[in-house]
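Below you'll find the structure, written out as structure tokens, and then a few comments.
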Amino acid sequence: MILTSTFLQCRALSRIGPIASRSLNSAAAASSFPSCAQTQIHTHQTYQRQHQLYSTSSPSAASSTAQLVKQLRESTGAPMMECKKALSSPEVNNDIQLAQEWLRKHGTLKASSKVAGREALEGLVGIQITELENGKKVASLVKVASETDFASRSEVFSTFVQEVADAAAAAGTDSTASVDDIPNFLSTAKNNDGKLLSESLNDAILAIRENLQVSSISLLQSSSPNSVLAGYVHGRSSPNATCGSFASLVELEGTSDKDKEKAQEAAKKLAMHIVAAKPLYLNPDSVPESVVQKEKEILMEKMQGTNKPPEIMEKIITGQLRKFYEGICLTEQPHMVEEGNPKVSKFMKGLGLEVKAFRLMGMSKS
């Protein structure tokens, strides 16, 4: 209506002619008949107001959605399209907490089904040592496998490995808890934030998109108040987590509570030796008899046809077994960290210490 009436007024004014236009006061004409340019500006402003009132998409709404997607990605590590799908779901309606639950239910199941069955040969080993109220300590050693080395070096993965190690050490302080059944442990144990480890595992799978498995958990608890526990991690992957490609734990026991600092330092060095030398057993007494007999048979076969007297052969076998023990028993090995490489048991005895137990765990493709 505004455009039609204005157009007729402008047309009538053009037909009056020069005489009529001179008789009109210019100010009155300006006030009575708005110009075409003014009309166009007024019309454009009206259109803008109407567009703002009835438009369903605004820059602020788009910006808000992008911020929600970014926030959800940072909290879950899920891909961008999965986050968008979760937020736009009718039951979620842009609620971050509901979107996280949606991703656990739908995104994790989808990711898990894609990666299930794929070989996981890479990964990390993590440790945690916790002191008990009675002065004793309990330590955990855990192995979590991934498909690629690239994934195992991510912050998400190393954080999860540390969560498992922390929870395992905490379970070691509880006489009713057990880590032997790993699936049951993951479904009942929680991280420091109160989240179940099974949920943390699902979140890590969703973020990394690989087959992740908690393949091994081992605990070591000090046997007396006079003993010390120490650990070492080789190839540490993150400054925020005590995990790497290989890790060890060792317990040393002293005759008294004195010089615990020296004992602790000796335990740290021995833990480094364990990772380097990779012993299989604590001492010769702990080697299974079947393993010893098998080694004796091999040595006897090597000496067949030598025509040596039985007593000489026995001495040779005894000497060969000593070397055999040096390769597989911690107490019989030359200490690779101490100067001069003294025998571990002899060196510890000189410090008034005894090696009580150790644990070794690492990633190996073979």
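Chain labels run A, B, ... following the order of the structure tokens; each chain numbers its residues from 1, and ligands are numbered from 1 in the order shown.
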Polymer residues at most 10 Å from Ala170 in chain A, only C-alpha atoms, same-chain spacing of 2 or more positions, as a ChimeraX atom specification | /A:128-132,138-140,164-168,172-174,177,189-191
Residues flagged alpha helix (DSSP H) by DSSP in range 51-293 of chain A, as a ChimeraX atom specification | /A:51-54,59-76,80-88,96-102,108-115,149-152,155-172,182-188,197-208,260-277,289-293
Please provide the set of residues having any atom within 8 Å of Leu103 in chain A, restricted to only C-alpha atoms, with same-chain residues fewer than 6 positions apart removed, written as a tab-separated table (two decimals) with all heavy atoms, in the first residue's frame.
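Saved as result-v5.tsv:
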```tsv
chain	number	residue	atom	x	y	z
A	82	GLU	N	29.91	-36.94	14.98
A	82	GLU	CA	29.23	-37.68	16.05
A	82	GLU	C	28.69	-36.71	17.10
A	82	GLU	O	27.59	-36.91	17.63
A	82	GLU	CB	30.21	-38.66	16.70
A	82	GLU	CG	30.59	-39.84	15.83
A	82	GLU	CD	29.45	-40.83	15.68
A	82	GLU	OE1	28.65	-40.94	16.62
A	82	GLU	OE2	29.36	-41.48	14.62
A	83	CYS	N	29.46	-35.67	17.41
A	83	CYS	CA	29.00	-34.67	18.38
A	83	CYS	C	27.78	-33.92	17.87
A	83	CYS	O	26.83	-33.66	18.62
A	83	CYS	CB	30.14	-33.70	18.70
A	83	CYS	SG	31.51	-34.44	19.60
A	86	ALA	N	24.80	-36.18	18.10
A	86	ALA	CA	24.34	-36.34	19.47
A	86	ALA	C	23.55	-35.12	19.95
A	86	ALA	O	22.48	-35.25	20.55
A	86	ALA	CB	25.54	-36.58	20.38
```
Surrounding residues of Pro342 in chain A excluding itself and chain neighbours under 6 positions, 10 Å, only C-alpha atoms, as a PyMOL selection string | chain A and resi 332-336+348
Give me, as CSV, each residue of range 128-238 of chain A that comes within 6 Å of range 266-290 of chain A, together with its shortest interatomic pair and the distance in Å at one decimal, counting only C-alpha atoms, with rows ordered by chain and rising residue number.
```
residue,atom,partner,partner_atom,distance
A:Ala230,CA,A:Lys268,CA,5.4
A:Gly231,CA,A:Ala271,CA,5.7
A:Tyr232,CA,A:Ala271,CA,5.5
```
File of the preceding selection, all heavy atoms, as an mmCIF file, in the first residue's frame:
```
data_model
loop_
_atom_site.group_PDB
_atom_site.id
_atom_site.type_symbol
_atom_site.label_atom_id
_atom_site.label_comp_id
_atom_site.auth_asym_id
_atom_site.auth_seq_id
_atom_site.Cartn_x
_atom_site.Cartn_y
_atom_site.Cartn_z
ATOM 1 N N ALA A 230 59.870 -49.903 44.960
ATOM 2 C CA ALA A 230 60.276 -48.903 43.974
ATOM 3 C C ALA A 230 59.899 -49.396 42.588
ATOM 4 O O ALA A 230 59.776 -50.613 42.359
ATOM 5 C CB ALA A 230 61.766 -48.613 44.054
ATOM 6 N N GLY A 231 59.722 -48.469 41.685
ATOM 7 C CA GLY A 231 59.365 -48.820 40.317
ATOM 8 C C GLY A 231 60.155 -47.990 39.314
ATOM 9 O O GLY A 231 60.725 -46.955 39.648
ATOM 10 N N TYR A 232 60.169 -48.471 38.089
ATOM 11 C CA TYR A 232 60.846 -47.755 37.006
ATOM 12 C C TYR A 232 60.049 -47.942 35.726
ATOM 13 O O TYR A 232 59.574 -49.046 35.427
ATOM 14 C CB TYR A 232 62.272 -48.276 36.811
ATOM 15 C CG TYR A 232 62.955 -47.709 35.587
ATOM 16 C CD1 TYR A 232 63.339 -46.376 35.534
ATOM 17 C CD2 TYR A 232 63.195 -48.510 34.474
ATOM 18 C CE1 TYR A 232 63.954 -45.848 34.406
ATOM 19 C CE2 TYR A 232 63.822 -48.002 33.345
ATOM 20 C CZ TYR A 232 64.199 -46.667 33.313
ATOM 21 O OH TYR A 232 64.793 -46.153 32.202
#
```
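The gap separating CA of Thr148 in chain A from CA of Gln162 in chain A is 18.4 Å, in Å to one decimal.
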